[in-house]
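Below is one structure, written out as structure tokens; comments come after it.
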Number of protein chains: 2
Amino acid sequence: MLADDQALVRGALAALLALEPDLEVVAEVGRGDEVVPAAAQHRPDVALIDVEMPGMDGIEATRALKAALPGTRVLIVTTFGRPGFLRRAMQAGAEGFVVKDTPARQLADAVRRVSSGLRVVDPVLAADSLVAGESPLTPRETDVLRAASDGSSVATIAGALFLSEGTVRNHLSSAIGKTGAANRAEAVRIADTNGWL
Amino acid sequence: MLADDQALVRGALAALLALEPDLEVVAEVGRGDEVVPAAAQHRPDVALIDVEMPGMDGIEATRALKAALPGTRVLIVTTFGRPGFLRRAMQAGAEGFVVKDTPARQLADAVRRVSSGLRVVDPVLAADSLVAGESPLTPRETDVLRAASDGSSVATIAGALFLSEGTVRNHLSSAIGKTGAANRAEAVRIADTNGWL
DNA sequence: CGTGCGACCTGACAAATGTCACGGCCAGGT
DNA sequence: ACCTGGCCGTGACATTTGTCAGGTCGCACG
């Protein structure tokens, strides 16, 4: 089963996998919240899930799928090699994780390995994930930083999260310190590239 | 010919197009600066080019390709439907422009139409491009805003562009006004989503 | 030859931002 | 019972940012 929001990529991946005689694409969806219903109907052995999707995050979709149909193997396929994504995907129960930079020939192999119960992880990304470590941000700091990521002012963030402006400033200051950034915008950028948001 | 930095997507698109008996993929590249050399060697009828690529922008690659081999038709395939991208792609000489959201079945048709000299443009995006219009930013304002996009301070930007801090502030203020934003970060976001950077 | 426009600069000002020191509340472990 | 750490808040402070009003210079256009 394929889950990717970009129809062209989804169809192209289907064509790629259809070349393999032992693989068959039984369902395709373009939204995260369609993953579980489609899987329940078609009962795929393996689900290829993109991280970036409307409706529901690919990580969340994986968690939901594993809860509903634990037998389904999940292979995450994503554009961005955010270290945090890998960690969260594995914690959500995914068996494999490949980035879209990997050669096309290896995809079918990855599907077969995942299908047979093995784990498939991009070695470069695994190393990055180890050095980058977990997010140093507390839950609340993450919330505030995410709210700040679109350029909102302190007052706007405070209003949205029902906090005082001083508290928002404190959380932001703490996040800036932990990320080693010089200001809010840089902290957002750093946290985002590490997959901490 | 295919040009896309993500190997998996590139291979998948190749598989998709290989299903069509009248189409053949003669070359694949993963960097913008490899487009012209590969085209010169394999002489494709149509080049599918992604906008986001390392080495050289897809738009720039299109311009270079059109200058070197004017007979080659160019079909831009991109993830993001930035209105400005469409405009710039057409000005660079591209015959077609499709986003990766379009259904996979339509890709082969788009390639055929472009190959026969017709223009192919996503209608939704074309409408957006008309309402969004050209960038209201002056060249210098664009430079400054791009330099600010990673969260740099005024002092850093001034140093990088050899400007006084006051001038940087003035350009930023002007850009904020023109984009209708409330601050620098929002101006960056707006300009970026419109493809003005 | 004036007129307009963009780039660049200065200086000054209000507002927003980032930092610091302080405190209280609560859940967890020792 | 005690300590720790996350979370929330206050108040004060220096710095940065955004705005405004002025001015010079070069260039294109009618």
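Chain labels follow the order of the structure tokens: the first chain is A, the next B, and so on; residue numbering restarts at 1 in every chain, and ligands are counted from 1 in their shown order.
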| said: Please check the contacts: residues of chain B at most 12 Å away from chain D, using only C-alpha atoms (C1' of nucleotides), listed as a PyMOL selection string. | reply: chain B and resi 152-155+165-166+168-177+181-185
Within 6 Å of chain B, which residues of chain A show up? Give each one with its shortest atom-to-atom distance in Å (one decimal) and the two atoms involved, counting only C-alpha atoms, rows by chain then rising residue number, as a tab-separated table.
```
residue	atom	partner	partner_atom	distance
A:Gln6	CA	B:Asp101	CA	4.5
A:Ala7	CA	B:Asp101	CA	4.8
A:Leu8	CA	B:Ala104	CA	4.4
A:Gly11	CA	B:Ala104	CA	5.0
A:Ala12	CA	B:Ala12	CA	4.7
A:Leu13	CA	B:Ala12	CA	5.1
A:Ala15	CA	B:Leu16	CA	5.1
A:Leu16	CA	B:Ala12	CA	5.1
A:Lys100	CA	B:Leu8	CA	5.0
A:Asp101	CA	B:Gln6	CA	4.5
A:Thr102	CA	B:Leu8	CA	5.7
A:Pro103	CA	B:Ala7	CA	5.1
A:Ala104	CA	B:Leu8	CA	4.4
A:Gly151	CA	B:Ala185	CA	4.7
A:Ala185	CA	B:Gly151	CA	4.7
A:Glu186	CA	B:Gly151	CA	4.7
```
**OP:** Would you please extract all strand (DSSP E) residues from stretch 41-190 of chain B, as assigned by DSSP on the backbone, and give them as a VMD selection string?
**Re:** chain B and resid 46 to 50 73 to 78 96 to 99 120 to 121
Create the file for the chosen residues now, containing N, CA and C atoms and written as a PDB file, in the first residue's frame.
```
ATOM      1  N   VAL B  46      12.607  15.860 -25.135  1.00  0.00           N
ATOM      2  CA  VAL B  46      12.009  16.584 -24.004  1.00  0.00           C
ATOM      3  C   VAL B  46      12.857  16.373 -22.752  1.00  0.00           C
ATOM      4  N   ALA B  47      13.014  17.459 -21.985  1.00  0.00           N
ATOM      5  CA  ALA B  47      13.703  17.348 -20.692  1.00  0.00           C
ATOM      6  C   ALA B  47      12.722  17.669 -19.572  1.00  0.00           C
ATOM      7  N   LEU B  48      12.536  16.711 -18.668  1.00  0.00           N
ATOM      8  CA  LEU B  48      11.738  16.942 -17.458  1.00  0.00           C
ATOM      9  C   LEU B  48      12.676  17.452 -16.385  1.00  0.00           C
ATOM     10  N   ILE B  49      12.447  18.658 -15.883  1.00  0.00           N
ATOM     11  CA  ILE B  49      13.378  19.266 -14.945  1.00  0.00           C
ATOM     12  C   ILE B  49      12.670  19.700 -13.669  1.00  0.00           C
ATOM     13  N   ASP B  50      13.224  19.297 -12.548  1.00  0.00           N
ATOM     14  CA  ASP B  50      12.716  19.704 -11.247  1.00  0.00           C
ATOM     15  C   ASP B  50      13.292  21.080 -10.911  1.00  0.00           C
ATOM     16  N   ARG B  73      12.730  20.594 -25.860  1.00  0.00           N
ATOM     17  CA  ARG B  73      11.544  21.093 -25.147  1.00  0.00           C
ATOM     18  C   ARG B  73      11.746  20.841 -23.665  1.00  0.00           C
ATOM     19  N   VAL B  74      11.282  21.767 -22.851  1.00  0.00           N
ATOM     20  CA  VAL B  74      11.462  21.647 -21.400  1.00  0.00           C
ATOM     21  C   VAL B  74      10.111  21.592 -20.693  1.00  0.00           C
ATOM     22  N   LEU B  75       9.959  20.584 -19.854  1.00  0.00           N
ATOM     23  CA  LEU B  75       8.770  20.465 -19.007  1.00  0.00           C
ATOM     24  C   LEU B  75       9.221  20.513 -17.553  1.00  0.00           C
ATOM     25  N   ILE B  76       8.817  21.576 -16.842  1.00  0.00           N
ATOM     26  CA  ILE B  76       9.198  21.727 -15.443  1.00  0.00           C
ATOM     27  C   ILE B  76       8.248  20.901 -14.565  1.00  0.00           C
ATOM     28  N   VAL B  77       8.819  20.125 -13.686  1.00  0.00           N
ATOM     29  CA  VAL B  77       8.027  19.329 -12.737  1.00  0.00           C
ATOM     30  C   VAL B  77       8.482  19.701 -11.349  1.00  0.00           C
ATOM     31  N   THR B  78       7.581  20.247 -10.546  1.00  0.00           N
ATOM     32  CA  THR B  78       8.031  20.722  -9.254  1.00  0.00           C
ATOM     33  C   THR B  78       7.087  20.350  -8.122  1.00  0.00           C
ATOM     34  N   GLY B  96       6.417  23.732 -20.627  1.00  0.00           N
ATOM     35  CA  GLY B  96       5.362  23.228 -19.763  1.00  0.00           C
ATOM     36  C   GLY B  96       5.725  23.317 -18.300  1.00  0.00           C
ATOM     37  N   PHE B  97       4.696  23.225 -17.447  1.00  0.00           N
ATOM     38  CA  PHE B  97       4.891  23.367 -16.006  1.00  0.00           C
ATOM     39  C   PHE B  97       3.819  22.565 -15.288  1.00  0.00           C
ATOM     40  N   VAL B  98       4.219  21.490 -14.608  1.00  0.00           N
ATOM     41  CA  VAL B  98       3.252  20.700 -13.838  1.00  0.00           C
ATOM     42  C   VAL B  98       3.769  20.516 -12.413  1.00  0.00           C
ATOM     43  N   VAL B  99       2.838  20.469 -11.455  1.00  0.00           N
ATOM     44  CA  VAL B  99       3.207  20.220 -10.066  1.00  0.00           C
ATOM     45  C   VAL B  99       3.075  18.728  -9.780  1.00  0.00           C
ATOM     46  N   VAL B 120       2.012  23.325 -21.926  1.00  0.00           N
ATOM     47  CA  VAL B 120       1.239  22.647 -20.892  1.00  0.00           C
ATOM     48  C   VAL B 120       1.427  23.403 -19.583  1.00  0.00           C
ATOM     49  N   VAL B 121       0.311  23.896 -19.053  1.00  0.00           N
ATOM     50  CA  VAL B 121       0.399  24.647 -17.804  1.00  0.00           C
ATOM     51  C   VAL B 121      -0.745  24.237 -16.888  1.00  0.00           C
TER      52      VAL B 121
END
```
message = I need the chain C residues near chain B as JSON, numbers by chain; criterion: at most 9 Å, counting only C-alpha atoms (C1' of nucleotides).
response = {"C": [6, 7, 8, 9, 10]}
Selection file, N, CA and C atoms (P, O5', C5', C4', C3', O3' and C1' of nucleotides), as a PDB file, in the first residue's frame:
```pdb
ATOM      1  P    DG C   6      11.198  52.259  -7.653  1.00  0.00           P
ATOM      2  O5'  DG C   6      12.631  51.639  -7.359  1.00  0.00           O
ATOM      3  C5'  DG C   6      13.448  51.242  -8.446  1.00  0.00           C
ATOM      4  C4'  DG C   6      14.899  51.383  -8.068  1.00  0.00           C
ATOM      5  C3'  DG C   6      15.243  50.785  -6.696  1.00  0.00           C
ATOM      6  O3'  DG C   6      16.303  49.859  -6.839  1.00  0.00           O
ATOM      7  C1'  DG C   6      16.116  52.974  -6.887  1.00  0.00           C
ATOM      8  P    DA C   7      16.740  48.952  -5.580  1.00  0.00           P
ATOM      9  O5'  DA C   7      18.073  49.664  -5.074  1.00  0.00           O
ATOM     10  C5'  DA C   7      19.178  49.747  -5.943  1.00  0.00           C
ATOM     11  C4'  DA C   7      20.252  50.603  -5.319  1.00  0.00           C
ATOM     12  C3'  DA C   7      20.644  50.175  -3.899  1.00  0.00           C
ATOM     13  O3'  DA C   7      22.043  49.950  -3.816  1.00  0.00           O
ATOM     14  C1'  DA C   7      20.178  52.498  -3.991  1.00  0.00           C
ATOM     15  P    DC C   8      22.664  49.294  -2.507  1.00  0.00           P
ATOM     16  O5'  DC C   8      22.970  50.520  -1.540  1.00  0.00           O
ATOM     17  C5'  DC C   8      23.999  51.431  -1.876  1.00  0.00           C
ATOM     18  C4'  DC C   8      23.901  52.657  -1.018  1.00  0.00           C
ATOM     19  C3'  DC C   8      23.919  52.425   0.492  1.00  0.00           C
ATOM     20  O3'  DC C   8      25.255  52.466   0.968  1.00  0.00           O
ATOM     21  C1'  DC C   8      22.503  54.256  -0.193  1.00  0.00           C
ATOM     22  P    DC C   9      25.568  52.057   2.493  1.00  0.00           P
ATOM     23  O5'  DC C   9      25.202  53.389   3.297  1.00  0.00           O
ATOM     24  C5'  DC C   9      26.003  54.542   3.102  1.00  0.00           C
ATOM     25  C4'  DC C   9      25.329  55.767   3.676  1.00  0.00           C
ATOM     26  C3'  DC C   9      25.046  55.723   5.163  1.00  0.00           C
ATOM     27  O3'  DC C   9      26.193  56.163   5.888  1.00  0.00           O
ATOM     28  C1'  DC C   9      23.316  56.853   3.913  1.00  0.00           C
ATOM     29  P    DT C  10      26.257  55.977   7.473  1.00  0.00           P
ATOM     30  O5'  DT C  10      25.396  57.189   8.031  1.00  0.00           O
ATOM     31  C5'  DT C  10      25.700  58.508   7.635  1.00  0.00           C
ATOM     32  C4'  DT C  10      24.667  59.452   8.238  1.00  0.00           C
ATOM     33  C3'  DT C  10      24.476  59.286   9.744  1.00  0.00           C
ATOM     34  O3'  DT C  10      24.967  60.425  10.422  1.00  0.00           O
ATOM     35  C1'  DT C  10      22.373  59.419   8.583  1.00  0.00           C
TER      36       DT C  10
END
```
Self-check item: atom CA of B:Gly84 to atom CA of B:Val144, distance in Å rounded to a single decimal
Solution: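 Taking atom CA of B:Gly84 and atom CA of B:Val144, their separation equals 18.2 Å.
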At what distance in Å, to one decimal, does atom CA of A:Asp128 lie from atom CA of A:Asp192?
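We find that atom CA of A:Asp192 and atom CA of A:Asp128 lie 14.7 Å from each other.
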Every residue of chain B that DSSP places in alpha helix (DSSP H), as a ChimeraX atom specification:
/B:7-18,35-42,58-68,83-91,105-115,123-132,139-148,154-161,165-179,184-193
- Within 9 Å of B:Gly195 using only C-alpha atoms (C1' of nucleotides), minus same-chain residues under 6 positions, as a PyMOL selection string: chain B and resi 81-86+135
Write out as a PyMOL selection string the residues lying within 9 Å of B:Leu65, counting only C-alpha atoms (C1' of nucleotides) and excluding same-chain residues fewer than 2 positions away.
-> chain B and resi 35-36+39-40+60-63+67-70+72+74
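Between atom CA of A:Val26 and atom CA of A:Gln41 the separation is 10.0 Å.
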